[in-house]
$ cat data13.csv   # CSV, C-alpha atoms
chain,number,residue,atom,x,y,z
A,27,MET,CA,0.0,0.0,0.0
A,28,PRO,CA,1.6,3.3,-1.0
A,29,LEU,CA,2.5,6.0,1.5
A,30,ILE,CA,1.8,9.7,0.8
A,31,PHE,CA,3.2,12.1,3.4
A,32,GLY,CA,3.6,9.2,5.8
A,33,LYS,CA,0.0,8.1,5.5
A,34,GLU,CA,-1.2,4.8,3.9
A,35,LEU,CA,-3.8,5.2,1.2
A,36,PRO,CA,-6.2,2.4,0.2
A,37,ILE,CA,-5.9,1.7,-3.6
A,38,ALA,CA,-8.0,-0.1,-6.1
A,39,LYS,CA,-7.4,-1.2,-9.7
A,40,LEU,CA,-9.7,0.6,-12.2
A,41,GLY,CA,-9.3,-0.1,-15.8
A,42,GLY,CA,-5.7,-1.1,-15.4
A,43,PHE,CA,-4.7,2.0,-13.4
A,44,MET,CA,-4.2,2.4,-9.7
A,45,SER,CA,-6.5,4.9,-7.9
A,46,LYS,CA,-7.4,5.9,-4.4
A,47,LYS,CA,-10.6,4.3,-3.1
A,48,GLU,CA,-13.3,6.6,-1.9
A,49,THR,CA,-13.8,6.4,1.8
A,50,VAL,CA,-17.1,6.6,3.7
A,51,LEU,CA,-17.4,7.0,7.5
A,52,VAL,CA,-20.5,5.1,8.8
A,53,THR,CA,-21.6,6.0,12.3
A,54,GLY,CA,-23.6,3.2,13.9
A,55,GLY,CA,-22.1,0.8,11.5
A,56,ALA,CA,-22.3,-2.0,14.0
A,57,GLY,CA,-26.0,-1.7,14.2
A,58,TYR,CA,-28.8,-3.3,12.2
A,59,ILE,CA,-29.2,-1.0,9.2
A,60,GLY,CA,-25.7,0.5,9.4
A,61,SER,CA,-24.0,-2.9,9.2
A,62,HIS,CA,-26.0,-3.9,6.2
A,63,THR,CA,-25.1,-0.6,4.5
A,64,VAL,CA,-21.4,-1.2,5.3
A,65,LYS,CA,-21.7,-4.5,3.5
A,66,GLN,CA,-23.3,-2.9,0.4
A,67,LEU,CA,-20.6,-0.2,0.4
A,68,LEU,CA,-17.8,-2.8,0.6
A,69,GLY,CA,-19.4,-4.6,-2.3
A,70,LYS,CA,-19.2,-1.4,-4.3
A,71,ASN,CA,-15.5,-1.2,-3.6
A,72,TYR,CA,-15.7,1.7,-1.1
A,73,GLU,CA,-13.2,1.9,1.8
A,74,VAL,CA,-15.4,2.0,4.9
A,75,VAL,CA,-14.7,3.3,8.4
A,76,VAL,CA,-17.1,2.3,11.1
A,77,LEU,CA,-17.6,4.5,14.2
A,78,ASP,CA,-19.7,2.9,16.8
A,79,SER,CA,-20.0,3.1,20.6
A,80,LEU,CA,-21.2,-0.5,20.8
A,81,VAL,CA,-23.8,0.6,23.3
A,82,SER,CA,-26.5,-1.0,21.1
A,83,GLY,CA,-24.3,-2.1,18.2
A,84,HIS,CA,-22.5,-5.5,17.9
A,85,GLU,CA,-18.8,-5.8,17.1
A,86,GLU,CA,-19.4,-9.0,15.3
A,87,PHE,CA,-21.4,-7.0,12.7
A,88,VAL,CA,-18.4,-4.8,11.9
A,89,LEU,CA,-17.3,-6.0,8.4
A,90,THR,CA,-14.5,-3.6,7.8
A,91,GLU,CA,-11.0,-3.6,9.2
A,92,HIS,CA,-11.3,0.1,10.0
A,93,PHE,CA,-13.3,0.3,13.2
A,94,VAL,CA,-13.3,3.1,15.7
A,95,GLU,CA,-15.0,2.4,19.0
A,96,GLY,CA,-16.4,5.7,20.4
A,97,ASP,CA,-19.1,8.2,20.8
A,98,ILE,CA,-20.3,10.6,18.2
A,99,GLY,CA,-20.3,13.3,20.9
A,100,ASN,CA,-16.6,13.0,21.4
A,101,ARG,CA,-15.3,15.9,19.3
A,102,GLU,CA,-11.6,15.1,19.9
A,103,LEU,CA,-12.2,11.5,18.7
A,104,LEU,CA,-14.1,12.8,15.6
A,105,ASP,CA,-11.4,15.2,14.6
A,106,GLU,CA,-8.8,12.5,15.0
A,107,THR,CA,-10.8,10.1,12.9
A,108,PHE,CA,-11.5,12.5,10.1
A,109,ARG,CA,-7.8,13.5,10.0
A,110,LYS,CA,-6.7,9.9,9.8
A,111,TYR,CA,-9.2,8.5,7.3
A,112,GLU,CA,-10.2,11.6,5.3
A,113,PRO,CA,-13.6,10.3,4.2
A,114,GLU,CA,-15.5,12.0,1.4
A,115,ALA,CA,-18.8,11.4,3.1
A,116,VAL,CA,-20.5,10.6,6.3
A,117,MET,CA,-23.5,8.2,6.7
A,118,HIS,CA,-25.1,8.8,10.0
A,119,PHE,CA,-27.0,5.9,11.6
A,120,ALA,CA,-26.0,6.3,15.3
A,121,ALA,CA,-29.2,7.2,17.2
A,122,HIS,CA,-31.5,6.0,19.9
A,123,CYS,CA,-34.7,4.7,18.3
A,124,ARG,CA,-37.2,3.3,20.8
A,125,VAL,CA,-40.4,5.3,20.7
A,126,GLY,CA,-41.6,4.4,24.1
A,127,GLU,CA,-38.3,5.0,25.8
A,128,SER,CA,-38.2,8.5,24.1
A,129,VAL,CA,-41.5,9.3,25.9
A,130,ARG,CA,-40.2,8.2,29.2
A,131,ASP,CA,-36.7,9.8,28.9
A,132,PRO,CA,-36.8,12.6,26.2
A,133,ALA,CA,-33.5,14.1,27.5
A,134,LYS,CA,-31.6,11.0,26.5
A,135,TYR,CA,-33.0,11.3,22.9
A,136,TYR,CA,-32.4,15.0,22.5
A,137,GLU,CA,-28.9,14.7,23.8
A,138,ASN,CA,-27.9,11.8,21.6
A,139,ASN,CA,-30.0,12.3,18.5
A,140,VAL,CA,-29.7,16.1,18.2
A,141,VAL,CA,-26.9,17.5,20.4
A,142,LYS,CA,-24.3,14.8,19.6
A,143,GLY,CA,-25.5,14.6,16.0
A,144,LEU,CA,-24.7,18.3,15.7
A,145,THR,CA,-21.3,17.7,17.1
A,146,LEU,CA,-20.7,15.1,14.4
A,147,LEU,CA,-22.1,17.4,11.7
A,148,ASN,CA,-19.8,20.3,12.8
A,149,ALA,CA,-16.8,18.1,13.0
A,150,ALA,CA,-17.5,16.8,9.5
A,151,ARG,CA,-18.0,20.3,8.1
A,152,ASP,CA,-14.8,21.6,9.8
A,153,SER,CA,-12.9,18.7,8.2
A,154,GLY,CA,-14.1,19.7,4.8
A,155,ILE,CA,-16.5,16.8,4.3
A,156,ASP,CA,-19.2,18.0,2.0
A,157,LYS,CA,-21.6,15.0,1.8
A,158,PHE,CA,-23.8,13.9,4.7
A,159,ILE,CA,-26.4,11.1,4.5
A,160,PHE,CA,-28.9,10.9,7.5
A,161,SER,CA,-30.9,8.0,8.7
A,162,SER,CA,-34.3,9.6,9.3
A,163,SER,CA,-37.7,8.1,9.9
A,164,ALA,CA,-41.3,8.1,8.9
A,165,ALA,CA,-42.0,9.0,12.5
A,166,ILE,CA,-41.6,12.6,11.5
A,167,TYR,CA,-45.0,12.5,9.9
A,168,GLY,CA,-46.9,11.4,13.0
A,169,ASP,CA,-50.5,10.3,12.3
A,170,PRO,CA,-50.8,11.2,8.6
A,171,GLU,CA,-53.7,13.0,7.0
A,172,LYS,CA,-53.4,11.1,3.8
A,173,VAL,CA,-52.0,7.6,2.9
A,174,PRO,CA,-49.8,6.8,1.1
A,175,ILE,CA,-47.5,9.5,2.5
A,176,LYS,CA,-45.5,11.9,0.3
A,177,GLU,CA,-42.4,13.8,1.3
A,178,ASP,CA,-44.4,17.1,1.4
A,179,ALA,CA,-47.0,15.8,3.9
A,180,PRO,CA,-47.4,17.7,7.2
A,181,LYS,CA,-44.7,16.8,9.7
A,182,GLU,CA,-46.2,16.4,13.1
A,183,PRO,CA,-44.3,13.9,15.2
A,184,GLU,CA,-46.2,12.4,18.1
A,185,ASN,CA,-43.2,11.4,20.3
A,186,PRO,CA,-39.7,12.7,21.2
A,187,TYR,CA,-38.0,10.2,18.9
A,188,GLY,CA,-39.8,11.6,15.9
A,189,GLN,CA,-39.2,15.1,17.1
A,190,THR,CA,-35.4,14.5,17.2
A,191,LYS,CA,-35.4,13.1,13.7
A,192,LEU,CA,-37.3,16.1,12.4
A,193,ALA,CA,-35.1,18.5,14.3
A,194,PHE,CA,-32.0,17.1,12.8
A,195,GLU,CA,-33.5,17.2,9.3
A,196,ARG,CA,-34.1,20.9,9.8
A,197,ILE,CA,-30.6,21.4,11.0
A,198,LEU,CA,-29.3,19.7,7.8
A,199,GLU,CA,-31.6,21.8,5.6
A,200,ASP,CA,-30.3,25.0,7.3
A,201,TYR,CA,-26.7,23.9,7.0
A,202,THR,CA,-26.9,23.1,3.3
A,203,GLY,CA,-28.4,26.5,2.7
A,204,ALA,CA,-25.6,28.3,4.4
A,205,TYR,CA,-22.4,26.2,4.0
A,206,PRO,CA,-20.7,24.3,1.2
A,207,VAL,CA,-22.2,20.9,2.2
A,208,SER,CA,-24.9,18.7,0.7
A,209,ALA,CA,-27.1,16.3,2.6
A,210,CYS,CA,-29.7,13.7,2.0
A,211,SER,CA,-32.3,12.5,4.6
A,212,LEU,CA,-33.7,9.1,4.1
A,213,ARG,CA,-37.0,8.5,5.9
A,214,TYR,CA,-37.4,4.8,6.6
A,215,PHE,CA,-40.7,3.2,7.0
A,216,ASN,CA,-40.6,-0.3,8.6
A,217,ALA,CA,-37.1,-1.8,8.2
A,218,ALA,CA,-37.4,-5.6,8.1
A,219,GLY,CA,-35.5,-8.7,7.1
A,220,THR,CA,-31.8,-9.6,7.3
A,221,ASP,CA,-28.9,-10.3,5.1
A,222,PRO,CA,-29.9,-13.1,2.7
A,223,GLU,CA,-26.3,-14.5,3.0
A,224,GLY,CA,-26.7,-14.9,6.8
A,225,GLU,CA,-23.6,-12.9,7.6
A,226,LEU,CA,-25.6,-10.2,9.4
A,227,GLY,CA,-28.8,-10.1,11.4
A,228,GLU,CA,-31.0,-8.1,13.7
A,229,ILE,CA,-30.4,-7.9,17.4
A,230,HIS,CA,-32.1,-5.4,19.6
A,231,ASP,CA,-32.4,-5.4,23.4
A,232,PRO,CA,-35.3,-5.4,23.9
A,233,GLU,CA,-36.6,-6.4,20.4
A,234,THR,CA,-39.5,-4.2,19.3
A,235,HIS,CA,-39.7,-4.8,15.6
A,236,LEU,CA,-42.8,-6.8,14.7
A,237,ILE,CA,-41.3,-9.6,12.4
A,238,PRO,CA,-38.5,-10.7,14.7
A,239,VAL,CA,-40.8,-10.5,17.7
A,240,VAL,CA,-43.3,-12.9,16.0
A,241,LEU,CA,-40.5,-15.2,15.0
A,242,GLU,CA,-39.0,-15.2,18.5
A,243,ALA,CA,-42.4,-16.5,19.6
A,244,ALA,CA,-42.2,-19.2,16.8
A,245,ALA,CA,-38.7,-20.1,18.1
A,246,GLY,CA,-40.0,-20.5,21.7
A,247,GLU,CA,-38.2,-17.5,23.0
A,248,ARG,CA,-41.5,-15.7,23.8
A,249,ASP,CA,-44.6,-17.3,25.1
A,250,TYR,CA,-46.9,-15.5,22.6
A,251,ILE,CA,-47.2,-12.5,20.3
A,252,GLU,CA,-49.5,-9.7,21.4
A,253,ILE,CA,-51.5,-7.7,18.9
A,254,PHE,CA,-51.9,-4.1,20.1
A,255,GLY,CA,-55.3,-3.1,18.8
A,256,THR,CA,-57.8,-5.1,16.6
A,257,ASP,CA,-60.3,-2.3,16.2
A,258,TYR,CA,-58.6,0.0,13.7
A,259,ASP,CA,-60.4,1.2,10.6
A,260,THR,CA,-58.5,-1.3,8.4
A,261,PRO,CA,-59.7,-4.5,6.6
A,262,ASP,CA,-58.8,-6.9,9.4
A,263,GLY,CA,-58.9,-4.3,12.3
A,264,THR,CA,-55.1,-4.3,12.9
A,265,ALA,CA,-52.6,-1.6,12.0
A,266,ILE,CA,-51.0,-1.6,8.6
A,267,ARG,CA,-47.3,-0.8,7.9
A,268,ASP,CA,-45.0,-0.6,4.9
A,269,PHE,CA,-42.2,-3.2,5.4
A,270,ILE,CA,-39.0,-2.6,3.4
A,271,HIS,CA,-36.1,-5.1,3.4
A,272,VAL,CA,-32.9,-3.9,5.1
A,273,ASN,CA,-30.8,-4.7,2.1
A,274,ASP,CA,-33.0,-2.4,0.0
A,275,LEU,CA,-32.5,0.4,2.6
A,276,ALA,CA,-28.8,-0.2,2.4
A,277,ARG,CA,-28.8,0.0,-1.4
A,278,ALA,CA,-30.7,3.3,-1.1
A,279,HIS,CA,-27.9,4.8,1.0
A,280,VAL,CA,-25.3,4.0,-1.7
A,281,ALA,CA,-27.7,5.5,-4.3
A,282,ALA,CA,-28.0,8.6,-2.2
A,283,LEU,CA,-24.2,9.0,-2.3
A,284,ASP,CA,-24.3,9.0,-6.0
A,285,ALA,CA,-27.3,11.4,-6.0
A,286,LEU,CA,-25.4,13.9,-3.9
A,287,ARG,CA,-22.5,13.9,-6.4
A,288,GLY,CA,-24.7,14.7,-9.3
A,289,GLU,CA,-27.6,16.7,-7.9
A,290,SER,CA,-27.8,20.5,-8.2
A,291,GLU,CA,-29.9,20.8,-5.0
A,292,ASN,CA,-27.9,20.8,-1.8
A,293,TYR,CA,-30.6,19.2,0.4
A,294,LEU,CA,-32.6,16.0,-0.6
A,295,ALA,CA,-35.2,14.1,1.3
A,296,TYR,CA,-36.8,10.8,0.3
A,297,ASN,CA,-39.3,8.3,1.7
A,298,LEU,CA,-37.9,4.7,1.7
A,299,GLY,CA,-40.7,2.1,1.4
A,300,THR,CA,-42.3,-0.2,-1.0
A,301,GLY,CA,-45.6,1.6,-1.3
A,302,GLN,CA,-47.4,-1.6,-0.1
A,303,GLY,CA,-49.0,-2.1,3.3
A,304,HIS,CA,-49.3,-5.2,5.4
A,305,SER,CA,-51.4,-5.6,8.5
A,306,VAL,CA,-50.2,-7.1,11.8
A,307,LYS,CA,-52.4,-10.1,11.3
A,308,GLU,CA,-51.1,-10.6,7.8
A,309,VAL,CA,-47.5,-10.5,9.1
A,310,ILE,CA,-48.3,-13.1,11.7
A,311,GLU,CA,-50.0,-15.4,9.2
A,312,THR,CA,-47.0,-15.1,6.9
A,313,CYS,CA,-44.7,-16.0,9.8
A,314,LYS,CA,-46.8,-19.0,10.5
A,315,GLU,CA,-46.6,-20.1,6.8
A,316,VAL,CA,-42.8,-19.6,6.6
A,317,THR,CA,-42.0,-21.3,9.9
A,318,GLU,CA,-44.8,-23.9,9.7
A,319,ILE,CA,-45.4,-23.3,13.4
A,320,ASP,CA,-48.7,-22.3,15.0
A,321,ILE,CA,-47.6,-19.2,16.8
A,322,PRO,CA,-49.6,-18.3,20.0
A,323,VAL,CA,-51.4,-14.9,19.7
A,324,ARG,CA,-53.1,-12.7,22.2
A,325,GLU,CA,-55.1,-9.6,21.4
A,326,GLY,CA,-54.6,-6.5,23.5
A,327,GLU,CA,-55.5,-2.8,23.6
A,328,ARG,CA,-54.1,-0.2,21.2
A,329,ARG,CA,-50.9,1.5,22.2
A,330,PRO,CA,-51.1,5.3,22.4
A,331,GLY,CA,-49.8,7.1,19.3
A,332,ASP,CA,-49.9,4.1,17.0
A,333,PRO,CA,-51.4,5.3,13.7
A,334,PRO,CA,-53.8,2.9,11.9
A,335,LYS,CA,-51.9,3.0,8.6
A,336,LEU,CA,-48.3,4.1,7.6
A,337,VAL,CA,-47.5,3.5,4.0
A,338,ALA,CA,-45.0,5.4,1.9
A,339,ASP,CA,-45.4,7.0,-1.5
A,340,PRO,CA,-41.9,6.1,-2.6
A,341,GLN,CA,-42.1,7.5,-6.2
A,342,LYS,CA,-39.9,10.5,-5.5
A,343,GLY,CA,-37.1,8.3,-4.2
A,344,PHE,CA,-37.5,5.9,-7.1
A,345,GLN,CA,-36.8,8.8,-9.5
A,346,GLY,CA,-34.3,10.9,-7.5
A,347,LEU,CA,-32.2,8.0,-6.3
A,348,ASN,CA,-32.6,5.8,-9.4
A,349,TRP,CA,-33.5,3.1,-7.0
A,350,LYS,CA,-36.3,0.6,-6.3
A,351,PRO,CA,-36.7,-2.1,-3.7
A,352,GLU,CA,-35.7,-5.6,-5.0
A,353,ILE,CA,-37.7,-7.5,-2.4
A,354,THR,CA,-41.3,-6.4,-2.4
A,355,ASP,CA,-43.1,-9.5,-1.1
A,356,LEU,CA,-43.6,-10.1,2.6
A,357,THR,CA,-42.7,-13.8,2.4
A,358,PRO,CA,-39.0,-13.5,1.3
A,359,ILE,CA,-38.6,-10.7,3.9
A,360,VAL,CA,-39.8,-13.1,6.6
A,361,GLU,CA,-37.7,-15.9,5.3
A,362,THR,CA,-34.5,-14.0,5.7
A,363,SER,CA,-35.5,-13.1,9.2
A,364,TRP,CA,-36.4,-16.7,10.1
A,365,ASN,CA,-33.1,-17.9,8.8
A,366,TRP,CA,-31.3,-15.5,11.1
A,367,ILE,CA,-33.5,-16.4,14.1
A,368,LYS,CA,-32.7,-20.1,13.5
A,369,LYS,CA,-29.0,-19.4,13.3
A,370,ARG,CA,-29.1,-17.2,16.4
A,371,TYR,CA,-31.0,-19.6,18.6
A,372,GLY,CA,-29.5,-22.8,17.1
A,373,ILE,CA,-32.7,-24.2,15.5
A,374,ASN,CA,-32.3,-26.8,12.8
$ encode --input "data13.csv" --output "structure tokens"
Amino acid sequence: MPLIFGKELPIAKLGGFMSKKETVLVTGGAGYIGSHTVKQLLGKNYEVVVLDSLVSGHEEFVLTEHFVEGDIGNRELLDETFRKYEPEAVMHFAAHCRVGESVRDPAKYYENNVVKGLTLLNAARDSGIDKFIFSSSAAIYGDPEKVPIKEDAPKEPENPYGQTKLAFERILEDYTGAYPVSACSLRYFNAAGTDPEGELGEIHDPETHLIPVVLEAAAGERDYIEIFGTDYDTPDGTAIRDFIHVNDLARAHVAALDALRGESENYLAYNLGTGQGHSVKEVIETCKEVTEIDIPVREGERRPGDPPKLVADPQKGFQGLNWKPEITDLTPIVETSWNWIKKRYGIN
């Protein structure tokens, strides 16, 4: 590996010539969506640096040799990391993301998701990094007036988690208007599924995502699955969500990096979903079919703040990112999750 001014530079062969690889810093790259995105970036021949505190991430999910363990609020560490690796872009996944916890402890969420996020953004800008991709959420829309949801829909978050995501989006929009930096906010709907190759999975403590919760009940790790509300104004009375495979989310981040290079606008924002909704009961039935297990189910009351239907209108992202989900059916999404659950819990 060549040395320039005493620093090693990663190289790649392109068309017979030797050139420097483009480097991307991924915060939260040991987490669920971040680690899957790292794998996609590596597959596209990027040099990837992961910065993760491992508070909720998992070191075994770090697929790159360049790993920095630390907090995004540590300005000295950020400056040192940016000097050492000189990334061209930052992909920011590091955040607290439990809605209920955000209601009980909003200070934790504003401190990490906004204050520390701003420390990261300022460090990146001061280091001359001009591309920033942000992991946002459909939670910024709250209970939508119209479904499917477009990017220009009213933004009325119903919990501190959603408020922090919206606050950081507004910071990015202001920064891109004032400074030589471009940014893209990607608003996820329901991330689901796992790496089809089985190298990566989904581990949350506690687990709150519907599909792995149902599959943990199938695996005997839970006594039953509880449906929160069966009296919604939906075809089967249960809430409807737009489930998008994590690999498709990861691919969208790589596409966003390309979009920032070629787009004349400094700030971009896109919904990431399939445009298809599936009810809680439909998810449970699909899990039963995939696992061939009669999963115990109980019906409970609605949870406060759960909208009846959240489905994306993803057309703007399809066009602006030149991207579409490759896995649009619920069954293969569940199958990848079930393969991971079986591997994790040693089920044959």
$ residues_around --input "data13.csv" --residues "Glu352 in chain A" --least-positions-apart "5" --cutoff "9 Å" --atoms "all atoms listed in the file" --output "ChimeraX atom specification"
/A:271,273-274
$ closest_atom_pairs --input "data13.csv" --of "range 213-265 of chain A" --to "range 315-325 of chain A" --cutoff "6 Å" --atoms "all atoms listed in the file" --output "Markdown table"
| residue | atom | partner | partner_atom | distance |
| --- | --- | --- | --- | --- |
| A:Ala244 | CA | A:Ile321 | CA | 5.4 |
| A:Tyr250 | CA | A:Pro322 | CA | 4.7 |
| A:Ile251 | CA | A:Val323 | CA | 4.9 |
| A:Glu252 | CA | A:Arg324 | CA | 4.8 |
| A:Ile253 | CA | A:Glu325 | CA | 4.8 |
$ residues_around --input "data13.csv" --residues "range 59-69 of chain A" --least-positions-apart "2" --cutoff "9 Å" --atoms "all atoms listed in the file" --output "PyMOL selection string"
chain A and resi 50+52-57+71-76+87-90+117-120+217+220-221+226-228+272-273+275-280
$ atom_distance --input "data13.csv" --atom1 "CA of Asp231 in chain A" --atom2 "CA of Lys335 in chain A"
25.9 Å
$ residues_around --input "data13.csv" --residues "Leu286 in chain A" --least-positions-apart "4" --cutoff "8 Å" --atoms "all atoms listed in the file" --output "list in words"
Lys157, Ser208, Ala209, Cys210, Ala282 and Asn292 of chain A
$ residues_around --input "data13.csv" --residues "Gly96 in chain A" --least-positions-apart "2" --cutoff "12 Å" --atoms "all atoms listed in the file" --output "ChimeraX atom specification"
/A:53-56,76-81,83,93-94,98-104,106-107,120,146
$ closest_residue --input "data13.csv" --among "A:Asp355, A:Glu184, A:Glu327, A:Glu223" --to "Gly263 in chain A" --atoms "all atoms listed in the file"
A:Glu327
$ closest_residue --input "data13.csv" --among "A:Ile166, A:Gly288, A:Asp262, A:Arg124" --to "Asp178 in chain A" --atoms "all atoms listed in the file"
A:Ile166
$ residues_around --input "data13.csv" --residues "Gly255 in chain A" --least-positions-apart "4" --cutoff "12 Å" --atoms "all atoms listed in the file" --output "VMD selection string"
chain A and resid 259 to 260 262 to 266 305 to 307 324 to 334
$ write_last_selection --input "data13.csv" --atoms "C-alpha atoms" --output "compact mmCIF listing (two decimals), keeping the file's coordinate frame"
# COMPACT_ATOMS: atom_id res chain seq x y z
CA ASP A 259 -60.40 1.20 10.60
CA THR A 260 -58.50 -1.30 8.40
CA ASP A 262 -58.80 -6.90 9.40
CA GLY A 263 -58.90 -4.30 12.30
CA THR A 264 -55.10 -4.30 12.90
CA ALA A 265 -52.60 -1.60 12.00
CA ILE A 266 -51.00 -1.60 8.60
CA SER A 305 -51.40 -5.60 8.50
CA VAL A 306 -50.20 -7.10 11.80
CA LYS A 307 -52.40 -10.10 11.30
CA ARG A 324 -53.10 -12.70 22.20
CA GLU A 325 -55.10 -9.60 21.40
CA GLY A 326 -54.60 -6.50 23.50
CA GLU A 327 -55.50 -2.80 23.60
CA ARG A 328 -54.10 -0.20 21.20
CA ARG A 329 -50.90 1.50 22.20
CA PRO A 330 -51.10 5.30 22.40
CA GLY A 331 -49.80 7.10 19.30
CA ASP A 332 -49.90 4.10 17.00
CA PRO A 333 -51.40 5.30 13.70
CA PRO A 334 -53.80 2.90 11.90
$ closest_residue --input "data13.csv" --among "A:Arg287, A:Lys342, A:His122, A:His84" --to "Arg213 in chain A" --atoms "only C-alpha atoms"
A:Lys342
$ atom_distance --input "data13.csv" --atom1 "CA of Ile197 in chain A" --atom2 "CA of Ile155 in chain A"
16.3 Å
$ residues_near_point --input "data13.csv" --point "(-34.4, -23.4, 10.7)" --cutoff "12 Å" --atoms "all atoms listed in the file" --output "list in words"
Leu241, Ala244, Ala245, Val316, Thr317, Glu318, Ile319, Glu361, Thr362, Ser363, Trp364, Asn365, Trp366, Ile367, Lys368, Lys369, Arg370, Tyr371, Gly372, Ile373 and Asn374 of chain A
$ write_last_selection --input "data13.csv" --atoms "C-alpha atoms" --output "PDB file, in the frame of the given file"
ATOM      1  CA  LEU A 241     -40.500 -15.200  15.000  1.00  0.00           C
ATOM      2  CA  ALA A 244     -42.200 -19.200  16.800  1.00  0.00           C
ATOM      3  CA  ALA A 245     -38.700 -20.100  18.100  1.00  0.00           C
ATOM      4  CA  VAL A 316     -42.800 -19.600   6.600  1.00  0.00           C
ATOM      5  CA  THR A 317     -42.000 -21.300   9.900  1.00  0.00           C
ATOM      6  CA  GLU A 318     -44.800 -23.900   9.700  1.00  0.00           C
ATOM      7  CA  ILE A 319     -45.400 -23.300  13.400  1.00  0.00           C
ATOM      8  CA  GLU A 361     -37.700 -15.900   5.300  1.00  0.00           C
ATOM      9  CA  THR A 362     -34.500 -14.000   5.700  1.00  0.00           C
ATOM     10  CA  SER A 363     -35.500 -13.100   9.200  1.00  0.00           C
ATOM     11  CA  TRP A 364     -36.400 -16.700  10.100  1.00  0.00           C
ATOM     12  CA  ASN A 365     -33.100 -17.900   8.800  1.00  0.00           C
ATOM     13  CA  TRP A 366     -31.300 -15.500  11.100  1.00  0.00           C
ATOM     14  CA  ILE A 367     -33.500 -16.400  14.100  1.00  0.00           C
ATOM     15  CA  LYS A 368     -32.700 -20.100  13.500  1.00  0.00           C
ATOM     16  CA  LYS A 369     -29.000 -19.400  13.300  1.00  0.00           C
ATOM     17  CA  ARG A 370     -29.100 -17.200  16.400  1.00  0.00           C
ATOM     18  CA  TYR A 371     -31.000 -19.600  18.600  1.00  0.00           C
ATOM     19  CA  GLY A 372     -29.500 -22.800  17.100  1.00  0.00           C
ATOM     20  CA  ILE A 373     -32.700 -24.200  15.500  1.00  0.00           C
ATOM     21  CA  ASN A 374     -32.300 -26.800  12.800  1.00  0.00           C
TER      22      ASN A 374
END
$ residues_near_point --input "data13.csv" --point "(-32.5, 12.4, -1.9)" --cutoff "9 Å" --atoms "only C-alpha atoms" --output "list in words"
Ile159, Ala209, Cys210, Ser211, Leu212, Ala281, Ala282, Leu283, Ala285, Leu286, Glu289, Tyr293, Leu294, Ala295, Tyr296, Asn297, Lys342, Gly343, Gly346 and Leu347 of chain A
$ closest_residue --input "data13.csv" --among "A:Glu242, A:Asp249, A:Glu233, A:Thr354" --to "Asp268 in chain A" --atoms "all atoms listed in the file"
A:Thr354
$ decode --input "data13.csv" --residues "range 65-77 of chain A" --atoms "N, CA and C atoms" --output "PDB file, in the first residue's frame"
ATOM      1  N   LYS A  65     -21.912  -3.413   4.369  1.00  0.00           N
ATOM      2  CA  LYS A  65     -21.698  -4.545   3.451  1.00  0.00           C
ATOM      3  C   LYS A  65     -21.948  -4.131   2.005  1.00  0.00           C
ATOM      4  N   GLN A  66     -22.993  -3.338   1.779  1.00  0.00           N
ATOM      5  CA  GLN A  66     -23.270  -2.860   0.427  1.00  0.00           C
ATOM      6  C   GLN A  66     -22.148  -1.952  -0.077  1.00  0.00           C
ATOM      7  N   LEU A  67     -21.644  -1.077   0.778  1.00  0.00           N
ATOM      8  CA  LEU A  67     -20.555  -0.181   0.387  1.00  0.00           C
ATOM      9  C   LEU A  67     -19.293  -0.958   0.037  1.00  0.00           C
ATOM     10  N   LEU A  68     -18.964  -1.951   0.859  1.00  0.00           N
ATOM     11  CA  LEU A  68     -17.787  -2.767   0.578  1.00  0.00           C
ATOM     12  C   LEU A  68     -17.940  -3.500  -0.747  1.00  0.00           C
ATOM     13  N   GLY A  69     -19.169  -3.953  -1.028  1.00  0.00           N
ATOM     14  CA  GLY A  69     -19.427  -4.628  -2.301  1.00  0.00           C
ATOM     15  C   GLY A  69     -19.280  -3.713  -3.497  1.00  0.00           C
ATOM     16  N   LYS A  70     -19.397  -2.399  -3.266  1.00  0.00           N
ATOM     17  CA  LYS A  70     -19.222  -1.402  -4.326  1.00  0.00           C
ATOM     18  C   LYS A  70     -17.797  -0.844  -4.335  1.00  0.00           C
ATOM     19  N   ASN A  71     -16.910  -1.489  -3.593  1.00  0.00           N
ATOM     20  CA  ASN A  71     -15.487  -1.159  -3.598  1.00  0.00           C
ATOM     21  C   ASN A  71     -15.155   0.155  -2.891  1.00  0.00           C
ATOM     22  N   TYR A  72     -16.004   0.575  -1.939  1.00  0.00           N
ATOM     23  CA  TYR A  72     -15.661   1.715  -1.102  1.00  0.00           C
ATOM     24  C   TYR A  72     -14.761   1.252   0.038  1.00  0.00           C
ATOM     25  N   GLU A  73     -13.914   2.144   0.512  1.00  0.00           N
ATOM     26  CA  GLU A  73     -13.228   1.940   1.779  1.00  0.00           C
ATOM     27  C   GLU A  73     -14.179   2.445   2.853  1.00  0.00           C
ATOM     28  N   VAL A  74     -14.415   1.652   3.896  1.00  0.00           N
ATOM     29  CA  VAL A  74     -15.424   2.004   4.891  1.00  0.00           C
ATOM     30  C   VAL A  74     -14.797   2.051   6.280  1.00  0.00           C
ATOM     31  N   VAL A  75     -15.103   3.125   6.987  1.00  0.00           N
ATOM     32  CA  VAL A  75     -14.695   3.272   8.382  1.00  0.00           C
ATOM     33  C   VAL A  75     -15.957   3.263   9.231  1.00  0.00           C
ATOM     34  N   VAL A  76     -16.003   2.405  10.227  1.00  0.00           N
ATOM     35  CA  VAL A  76     -17.146   2.338  11.137  1.00  0.00           C
ATOM     36  C   VAL A  76     -16.794   3.016  12.449  1.00  0.00           C
ATOM     37  N   LEU A  77     -17.666   3.917  12.876  1.00  0.00           N
ATOM     38  CA  LEU A  77     -17.563   4.540  14.199  1.00  0.00           C
ATOM     39  C   LEU A  77     -18.799   4.148  14.983  1.00  0.00           C
TER      40      LEU A  77
END
